[in-house]
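The data block below is input-v3.cif; it holds mmCIF, C-alpha atoms.
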```cif
data_run
loop_
_atom_site.label_atom_id
_atom_site.label_comp_id
_atom_site.auth_asym_id
_atom_site.auth_seq_id
_atom_site.Cartn_x
_atom_site.Cartn_y
_atom_site.Cartn_z
CA MET A 702 0.00 0.00 0.00
CA LYS A 703 1.38 3.42 -0.99
CA THR A 704 1.42 5.98 1.81
CA ILE A 705 1.91 9.71 2.15
CA ARG A 706 3.29 11.71 5.07
CA ALA A 707 0.86 13.46 7.36
CA LEU A 708 1.06 15.91 10.26
CA THR A 709 -1.50 16.60 12.97
CA ILE A 710 -2.05 20.29 13.68
CA CYS A 711 -4.46 21.66 16.29
CA GLN A 712 -7.39 23.78 15.17
CA PRO A 713 -7.72 26.58 14.19
CA TRP A 714 -4.13 26.34 12.93
CA ALA A 715 -4.87 23.29 10.75
CA TRP A 716 -7.56 25.31 8.96
CA ALA A 717 -5.17 28.29 8.68
CA VAL A 718 -2.33 26.35 6.98
CA LEU A 719 -4.80 25.51 4.22
CA GLY A 720 -5.40 29.23 3.74
CA PRO A 721 -3.50 32.28 4.94
CA LYS A 722 -0.81 30.59 7.08
CA ARG A 723 2.37 29.63 5.17
CA PHE A 724 4.51 28.77 8.20
CA GLU A 725 3.89 26.09 10.82
CA ASN A 726 5.86 26.57 14.03
CA ARG A 727 7.57 23.41 15.24
CA SER A 728 10.24 22.47 17.77
CA TRP A 729 11.98 20.16 15.29
CA TYR A 730 13.85 20.55 12.02
CA THR A 731 13.06 18.50 8.90
CA ASP A 732 14.62 18.31 5.49
CA TYR A 733 11.48 16.68 4.07
CA GLN A 734 10.06 18.29 0.93
CA GLY A 735 6.95 17.05 -0.80
CA PRO A 736 3.23 16.48 -0.29
CA LEU A 737 2.06 16.60 3.32
CA VAL A 738 -1.42 15.63 4.48
CA ILE A 739 -2.86 18.01 7.07
CA HIS A 740 -4.75 16.30 9.88
CA ALA A 741 -6.83 18.44 12.25
CA GLY A 742 -6.30 17.16 15.78
CA LYS A 743 -9.12 16.50 18.24
CA SER A 744 -7.89 18.93 20.89
CA THR A 745 -9.66 22.25 21.37
CA SER A 746 -6.95 23.62 23.69
CA TRP A 747 -5.65 26.12 21.10
CA MET A 748 -9.03 27.38 19.86
CA ARG A 749 -9.46 30.46 22.03
CA GLU A 750 -5.91 31.74 21.61
CA GLY A 751 -5.84 30.82 17.92
CA LEU A 752 -9.16 32.47 17.11
CA GLU A 753 -8.09 35.65 18.92
CA PHE A 754 -4.86 35.77 16.92
CA LEU A 755 -6.55 35.08 13.58
CA ARG A 756 -9.18 37.74 14.25
CA SER A 757 -6.42 40.22 15.15
CA GLN A 758 -5.10 39.57 11.61
CA GLY A 759 -8.54 40.20 10.07
CA ILE A 760 -9.17 36.48 9.46
CA GLU A 761 -12.43 34.80 10.46
CA PRO A 762 -12.39 30.98 10.29
CA PRO A 763 -15.67 29.13 9.73
CA ARG A 764 -17.62 28.16 12.85
CA ASP A 765 -17.76 24.46 11.95
CA LEU A 766 -14.06 23.55 11.90
CA PRO A 767 -13.47 19.80 11.65
CA PHE A 768 -11.61 17.94 14.40
CA GLY A 769 -10.00 14.49 14.27
CA ALA A 770 -9.95 14.43 10.47
CA ILE A 771 -7.75 14.73 7.40
CA ILE A 772 -8.64 18.11 5.90
CA GLY A 773 -6.19 18.76 3.06
CA VAL A 774 -2.72 18.61 1.56
CA VAL A 775 0.10 21.15 1.28
CA GLU A 776 3.54 20.99 -0.28
CA GLN A 777 6.24 21.20 2.38
CA VAL A 778 8.93 23.23 0.63
CA ASP A 779 11.40 24.22 3.34
CA CYS A 780 12.25 24.44 7.03
CA ILE A 781 13.63 27.76 8.26
CA ARG A 782 14.23 29.82 11.39
CA PRO A 783 11.34 32.17 12.34
CA SER A 784 13.54 35.22 11.68
CA GLU A 785 13.68 34.15 8.00
CA ALA A 786 9.88 33.91 7.66
CA LYS A 787 8.85 36.92 5.59
CA ARG A 788 5.73 38.09 3.81
CA PRO A 789 6.03 38.76 0.07
CA ASP A 790 6.68 42.45 0.86
CA GLY A 791 9.68 41.49 3.04
CA SER A 792 8.05 42.25 6.40
CA PRO A 793 8.10 39.62 9.18
CA ASP A 794 5.29 37.08 8.87
CA PRO A 795 3.00 37.27 11.93
CA PHE A 796 2.43 33.50 11.88
CA ALA A 797 6.14 32.78 12.53
CA MET A 798 6.51 32.85 16.29
CA PRO A 799 9.96 34.09 17.39
CA ASP A 800 10.01 31.68 20.36
CA SER A 801 9.64 28.67 18.03
CA PRO A 802 12.91 27.07 16.90
CA TRP A 803 11.69 26.16 13.39
CA CYS A 804 9.08 27.08 10.80
CA HIS A 805 7.98 24.48 8.28
CA VAL A 806 7.20 26.30 5.03
CA TYR A 807 4.11 25.31 3.03
CA ALA A 808 2.93 26.07 -0.51
CA ASN A 809 0.02 25.01 -2.71
CA PRO A 810 -2.60 24.22 -0.04
CA ARG A 811 -5.60 22.16 -1.16
CA ARG A 812 -8.61 21.43 1.04
CA LEU A 813 -10.60 18.24 0.85
CA ALA A 814 -14.22 18.88 -0.08
CA THR A 815 -15.22 16.61 2.81
CA PRO A 816 -12.93 15.99 5.82
CA ILE A 817 -12.03 12.33 6.38
CA PRO A 818 -12.24 11.14 10.02
CA TYR A 819 -8.84 9.75 10.95
CA LYS A 820 -6.73 9.22 14.06
CA GLY A 821 -3.72 11.51 14.20
CA GLN A 822 -0.28 11.07 15.75
CA GLN A 823 2.61 13.19 16.92
CA GLY A 824 5.28 14.14 14.38
CA PHE A 825 5.12 12.90 10.82
CA PHE A 826 3.07 9.75 10.27
CA SER A 827 1.85 7.83 7.24
CA VAL A 828 -1.66 7.59 5.82
CA PRO A 829 -2.82 5.59 2.79
CA ALA A 830 -2.29 7.73 -0.31
CA GLU A 831 -5.68 6.59 -1.67
CA LEU A 832 -7.42 8.67 1.01
CA VAL A 833 -6.23 11.90 -0.60
CA LYS A 834 -5.26 10.71 -4.09
CA SER A 835 -7.48 13.15 -5.95
CA ILE A 836 -5.70 16.17 -4.51
CA VAL A 837 -2.24 14.66 -4.15
CA ASP A 838 -2.19 14.05 -7.91
CA TYR A 839 -3.41 17.61 -8.50
CA ALA A 840 0.00 19.27 -8.14
CA ALA A 841 3.00 17.56 -6.59
CA LEU A 842 6.20 19.37 -5.76
CA PRO A 843 8.41 19.26 -8.84
CA GLU A 844 11.30 16.81 -8.87
CA ALA A 845 14.71 18.40 -8.47
CA ARG A 846 16.53 19.12 -11.72
CA PRO A 847 20.27 18.37 -12.04
CA GLY A 848 22.23 21.23 -10.49
CA GLU A 849 19.09 22.97 -9.24
CA SER A 850 19.32 24.64 -5.84
CA ARG A 851 16.72 24.21 -3.11
CA ASP A 852 15.60 27.83 -3.62
CA GLU A 853 15.13 27.24 -7.36
CA ARG A 854 13.05 24.13 -6.66
CA ILE A 855 10.89 26.03 -4.17
CA GLU A 856 10.43 28.84 -6.69
CA ARG A 857 9.28 26.33 -9.32
CA ALA A 858 6.77 24.88 -6.82
CA VAL A 859 5.42 28.36 -6.12
CA GLN A 860 5.22 29.17 -9.84
CA ALA A 861 3.35 25.89 -10.42
CA THR A 862 0.60 27.29 -8.18
CA GLY A 863 0.42 30.50 -10.20
CA GLY A 864 2.63 32.29 -7.68
CA ARG A 865 0.05 31.85 -4.96
CA VAL A 866 1.62 30.53 -1.79
CA GLY A 867 -0.63 30.12 1.20
CA ARG A 868 -3.95 30.32 -0.67
CA VAL A 869 -6.51 27.66 -1.46
CA GLN A 870 -6.06 26.64 -5.07
CA GLN A 871 -9.28 24.79 -5.78
CA PRO A 872 -12.56 26.70 -5.71
CA GLY A 873 -15.65 25.27 -4.10
CA LEU A 874 -13.90 23.63 -1.17
CA TRP A 875 -14.94 24.53 2.37
#
```

So, in terms of structure tokens, how does the structure I just supplied come out?
Amino acid sequence: MKTIRALTICQPWAWAVLGPKRFENRSWYTDYQGPLVIHAGKSTSWMREGLEFLRSQGIEPPRDLPFGAIIGVVEQVDCIRPSEAKRPDGSPDPFAMPDSPWCHVYANPRRLATPIPYKGQQGFFSVPAELVKSIVDYAALPEARPGESRDERIERAVQATGGRVGRVQQPGLW
């Protein structure tokens, strides 16, 4: 059975990485690049703080956020220090927390039309690729070309999404 990597993220942050949030704060470094399934954890412990932060940024998540489910796929394109996390205009990204050691960088977010109930885990874990095949096949991170730098590969992944990093690419999804 073919599998794909997944990561559990607490709500409302799981919803946010499939929209306006390009950086996921983590205590650990990874050199993984490629498709990453986003699983919304069951815990509600981050809801109040997360909703307050999102609203302070002018972002209003839907009221019916899914919990304990696979909700979408992103392309993990890099892992950087929070001080390197910038908005397109060069200003610091508010989602990159300075007290976090690492920021996982995401591009090309795609939401599932219907969340799939699934048990999450800590760190990266594997899920059957068939669960999310329709969106995994949609746009995978390009393979590295001979002599191509990591930055060039990331730029090609961003260009493959029409230059839209951190935005939902498929219309009609929740």

List as a PDB file with C-alpha atoms, in the frame of the given file the protein and nucleic acid residues near Glu785 in chain A, meaning an atom at most 9 Å away when all atoms listed in the file are counted, but skip any in the same chain fewer than 4 places from it.
```pdb
ATOM      1  CA  ILE A 781      13.630  27.760   8.260  1.00  0.00           C
ATOM      2  CA  PRO A 793       8.100  39.620   9.180  1.00  0.00           C
ATOM      3  CA  ASP A 794       5.290  37.080   8.870  1.00  0.00           C
ATOM      4  CA  ALA A 797       6.140  32.780  12.530  1.00  0.00           C
ATOM      5  CA  CYS A 804       9.080  27.080  10.800  1.00  0.00           C
TER       6      CYS A 804
END
```

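With all atoms listed in the file as the atoms that count, the residue of A:Ile771, A:Leu737, A:Leu755, A:Ala786 with the shortest distance to Leu832 in chain A is A:Ile771.
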
Handout entry: Expansion of the PyMOL selection byres ((chain A and resi 744) around 12) into residues, as a PyMOL selection string
Key = chain A and resi 709-715+740-743+745-749+766-770+820-821

Handout entry: Nearest-residue call for Gly735 in chain A, choices A:Lys834, A:Gln777, A:Gln822, A:Pro799, using all atoms listed in the file
Key =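 So, comparing all the options, the nearest one is A:Gln777.
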
Practice task
For Ser801 in chain A, please output as a list in words all residues within 9 Å (counting all atoms listed in the file; exclusion window: fewer than 2 positions along the same chain).
Solution key: Asn726, Arg727, Ser728, Arg782, Pro783, Ala797, Met798, Pro799, Trp803 and Cys804 of chain A

Handout entry: For CA of Leu813 in chain A and CA of Pro762 in chain A, the interatomic separation in Å (one decimal)
Key =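 CA of Pro762 in chain A lies at a distance of 16.0 Å from CA of Leu813 in chain A.
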
Handout entry: One-decimal distance in Å that lies between CA of Glu776 in chain A and CA of Val828 in chain A
Key =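 Distance between the two atoms: 15.6 Å.
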
Exercise for the section: Could you list the residues chosen by the PyMOL selection byres ((chain A and resi 827) around 10) in this structure as a list in words? Expected result: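 That expression, the PyMOL selection byres ((chain A and resi 827) around 10), corresponds here to Lys703, Thr704, Ile705, Arg706, Ala707, Leu708, Leu737, Val738, Gly821, Gln822, Phe825, Phe826, Val828, Pro829 and Ala830 of chain A.
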
Practice task
Have a look at CA of Pro736 in chain A and CA of Val774 in chain A and let me know their distance in Å, one decimal.
Solution key: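 Separating CA of Pro736 in chain A from CA of Val774 in chain A is a distance of 6.6 Å.
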
Problem - Proximity to Val775 in chain A - best of A:Ala717, A:Tyr733, A:Gln758, A:Ile739, all atoms listed in the file - result: A:Ile739

Problem - Top pick for closest residue to Cys780 in chain A, considering A:Gly824, A:Trp729, A:Arg756, A:Pro763 and counting only C-alpha atoms - result: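 Looking only at the distances to Cys780 in chain A, the closest residue turns out to be A:Trp729.
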